[in-house]
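Asker: One structure is given below, represented as structure tokens, and several questions about it will come after.
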Amino acid sequence: MTLAAAAGATERIGLMTDILLAATREPVLLAKQAATLDQVSGGRFVLGIGVGARPDDFTVTGFNLHDRGKRLDEALDLMHRAWRGEPVPGTTEPVTPRPVNGHSVPIMIGGHTERAIARVGKYGIGYTLGGGTPEQLRGTMERVTTIWNGAGRPGKPEFRALAYFALGDEVAAEAEGNLKTYYGDFGPRVWAGTIKTAEEAWQRVSTFEQVGADELIMFMAAPAVEQAERLAKAVF
């Protein structure tokens with residue numbers, strides 16, 4: 001819903017979920033929501049998805065943690081059938097708007113397992129790295145490209161990554177609290193990797209650029225317009 005509001009208020013910027021845990025969603029409804037946002041934004045939306053690893057995400061949504069990979073694969077197949085206008089179980093009529101490109105909402109896949117990498121070759125336009133290092137992305141790029149070429153996909157996959165930032169001592173406590181609360185046991189590790197100075201921001205952007213990332217998405221750990229302004233000064 002937030003991205004729909006952003007789509008209506010903008011004309012050029014890209015929109016992306018980075019990432020959405022698709023195994024905690026009902027796939028036909030997710031396909032319809034994604035196709036609608038794709039239409040509203042004029043094709044600017046990318047559905048970034050992953051399988052998820054934290055049990056609480058599944059506990060609060062009522063989905064089974066242990067078969068999430070199998071369910072995600074089934075969901076991706078069903079969603080693409082819906083986007084192509086094919087009937088899904090329970091109806092003989094199309095259930096979603098047709099995507100802007102005519103066949104699917106663009107998808108990027110996150111994750112580190114071989115199954116995650118295989119999904120890029122079958123369904124994705126590329127791979128997104130969640131919170132890792134440039135060196136991790138470099139290694140994954142080689143794996144993804146091998147799968148991509150082996151699947152006979154044309155062109156080359158796109159590679160994105162994300163990083164958290166909190167610039168300024170006055171936002172440090174808020175940012176640390178936000179990340180540790182959200183990520184639970186993973187929180188201290190996420191906070192340790194968060195960009196905290198302008199110099200770190202410049203270095204992180206430069207290093208991801210050097211390894212061949214197409215885009216680095218910077219997430220505010222303490223949301224404020226001033227944070228975006230400080231980041232812009234640091235990296236542009």
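Here's how to read the names in the structure tokens: chain A, B, ... by the order shown, residue numbers from 1 in each chain, ligand numbers from 1 in the order shown.
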Give me the residues near region 108-113 of chain A as a list in words, where near means some atom within 9 Å (using only C-alpha atoms) and where sequence neighbours in that chain fewer than 6 positions away do not count.
Answerer: Asp18, Ile19, Val46, Leu47, Gly48, Ile49, Gly50, Val51, Gly52, Arg119, Val120, Tyr123, Gly124, Ile125, Gly126, Tyr127, Thr128, Leu129, Gly130, Thr140, Glu158, Phe159 and Arg160 of chain A
Asker: Show me, as a VMD selection string, the residues that have an atom within 7 Å of Arg84 (chain A) when counting only C-alpha atoms, minus same-chain residues fewer than 2 positions from it.
Answerer: chain A and resid 80 to 82 86 98 103 to 104
Asker: Taking the DSSP assignment computed from this structure's backbone, write out as a ChimeraX atom specification all residues of region 68-206 of chain A that belong to alpha helix (DSSP H).
Answerer: /A:68-83,114-123,134-150,172-183,187-192,198-206
Asker: Tell me, in Å to one decimal, how far CA of Ala35 (chain A) is from CA of Pro94 (chain A).
Answerer: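 Computing it gives 12.1 Å between the two atoms.
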Asker: Counting only C-alpha atoms, figure out which residue out of A:Ala192, A:Tyr164, A:Arg68, A:Met79 gets nearest to Gln33 (chain A).
Answerer: A:Met79
Asker: Just the number, please: distance in Å from CA of Leu30 (chain A) to CA of Gly131 (chain A), one decimal.
Answerer: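 Taking CA of Leu30 (chain A) and CA of Gly131 (chain A), their separation equals 24.5 Å.
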Asker: State, in Å with one decimal place, the distance from CA of Trp83 (chain A) to CA of Pro99 (chain A).
Answerer: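 Separating CA of Trp83 (chain A) from CA of Pro99 (chain A) is a distance of 6.5 Å.
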Asker: Determine, counting only C-alpha atoms, which protein, DNA and RNA residues have an atom within 10 Å of an atom of Asp56 (chain A); residues of the same chain fewer than 5 positions away are not included. Present the result as a PyMOL selection string.
Answerer: chain A and resi 61-62+65+183-184
Asker: Kindly export the residues of the current selection with N, CA and C atoms, as a CSV table (one decimal), in the first residue's frame.
Answerer:
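Written file, out39.csv:
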chain,number,residue,atom,x,y,z
A,61,THR,N,1.8,-15.0,10.8
A,61,THR,CA,0.9,-15.0,9.7
A,61,THR,C,0.2,-16.4,9.5
A,62,GLY,N,0.5,-17.3,10.3
A,62,GLY,CA,-0.2,-18.6,10.3
A,62,GLY,C,0.3,-19.6,9.2
A,65,LEU,N,6.5,-22.8,8.5
A,65,LEU,CA,7.9,-22.5,8.3
A,65,LEU,C,8.6,-23.5,7.5
A,183,TYR,N,14.8,-7.4,13.9
A,183,TYR,CA,15.5,-8.6,13.5
A,183,TYR,C,15.8,-9.6,14.6
A,184,GLY,N,15.4,-9.2,15.8
A,184,GLY,CA,15.6,-10.2,16.9
A,184,GLY,C,17.0,-10.6,17.1
Asker: Using DSSP on the backbone coordinates, identify all residues within region 41-185 of chain A classified as strand (DSSP E); present the result as a PyMOL selection string.
Answerer: chain A and resi 45-50+107-109+126-130+158-165
Asker: Could I get the residues of region 74-163 of chain A with an atom no further than 6 Å from an atom of region 216-224 of chain A, each paired with its nearest atom pair and that distance in Å to one decimal, using only C-alpha atoms, sorted by chain and residue number, as a tab-separated table?
Answerer:
residue	atom	partner	partner_atom	distance
A:Arg160	CA	A:Leu216	CA	5.7
A:Ala161	CA	A:Leu216	CA	4.9
A:Leu162	CA	A:Ile217	CA	4.5
A:Ala163	CA	A:Met218	CA	5.0
Asker: Could you name the residues that touch Ala4 (chain A) at 8 Å or less, counting only C-alpha atoms, but leaving out those on the same chain fewer than 5 positions away, as a PyMOL selection string?
Answerer: chain A and resi 37+40-41
Asker: Hey, what's within 9 Å of region 204-209 of chain A if we count only C-alpha atoms and toss same-chain stuff fewer than 2 positions away? As a PyMOL selection string, please?
Answerer: chain A and resi 133-135+137-138+161+163+195+199-202+211-216+235
Asker: Output N, CA and C atoms for every residue in the selection just made, as a compact mmCIF listing (two decimals), in the first residue's frame.
Answerer:
# COMPACT_ATOMS: atom_id res chain seq x y z
N THR A 133 27.85 -8.35 2.08
CA THR A 133 29.00 -7.54 1.68
C THR A 133 29.18 -7.56 0.17
N PRO A 134 29.93 -6.61 -0.37
CA PRO A 134 30.23 -6.65 -1.80
C PRO A 134 30.90 -7.96 -2.22
N GLU A 135 31.74 -8.51 -1.35
CA GLU A 135 32.42 -9.76 -1.68
C GLU A 135 31.41 -10.91 -1.78
N LEU A 137 28.29 -10.56 -2.72
CA LEU A 137 27.58 -10.36 -3.98
C LEU A 137 28.41 -10.86 -5.15
N ARG A 138 29.70 -10.59 -5.12
CA ARG A 138 30.56 -11.02 -6.23
C ARG A 138 30.47 -12.54 -6.42
N ALA A 161 21.57 -4.82 -4.35
CA ALA A 161 21.91 -5.11 -2.96
C ALA A 161 21.29 -4.03 -2.09
N ALA A 163 21.53 -1.92 1.88
CA ALA A 163 22.33 -1.61 3.06
C ALA A 163 21.55 -0.65 3.94
N ILE A 195 25.69 1.28 8.03
CA ILE A 195 26.55 2.44 7.71
C ILE A 195 26.26 3.56 8.69
N GLU A 199 31.72 8.70 5.39
CA GLU A 199 32.83 7.99 4.77
C GLU A 199 32.46 6.53 4.49
N GLU A 200 31.79 5.90 5.44
CA GLU A 200 31.37 4.52 5.25
C GLU A 200 30.36 4.42 4.11
N ALA A 201 29.47 5.40 4.00
CA ALA A 201 28.48 5.40 2.92
C ALA A 201 29.16 5.45 1.56
N TRP A 202 30.11 6.36 1.42
CA TRP A 202 30.82 6.49 0.15
C TRP A 202 31.59 5.20 -0.18
N VAL A 211 32.27 -4.16 -7.78
CA VAL A 211 32.02 -5.59 -8.00
C VAL A 211 30.96 -5.82 -9.08
N GLY A 212 30.29 -4.74 -9.54
CA GLY A 212 29.36 -4.89 -10.65
C GLY A 212 27.90 -4.83 -10.28
N ALA A 213 27.57 -4.36 -9.08
CA ALA A 213 26.16 -4.21 -8.71
C ALA A 213 25.49 -3.17 -9.60
N ASP A 214 24.28 -3.46 -10.05
CA ASP A 214 23.55 -2.50 -10.86
C ASP A 214 22.89 -1.42 -10.01
N GLU A 215 22.56 -1.76 -8.78
CA GLU A 215 21.90 -0.79 -7.91
C GLU A 215 22.12 -1.18 -6.45
N LEU A 216 22.36 -0.18 -5.61
CA LEU A 216 22.45 -0.36 -4.17
C LEU A 216 21.31 0.43 -3.54
N VAL A 235 27.24 10.63 -0.88
CA VAL A 235 27.51 9.72 -1.99
C VAL A 235 27.43 10.37 -3.36
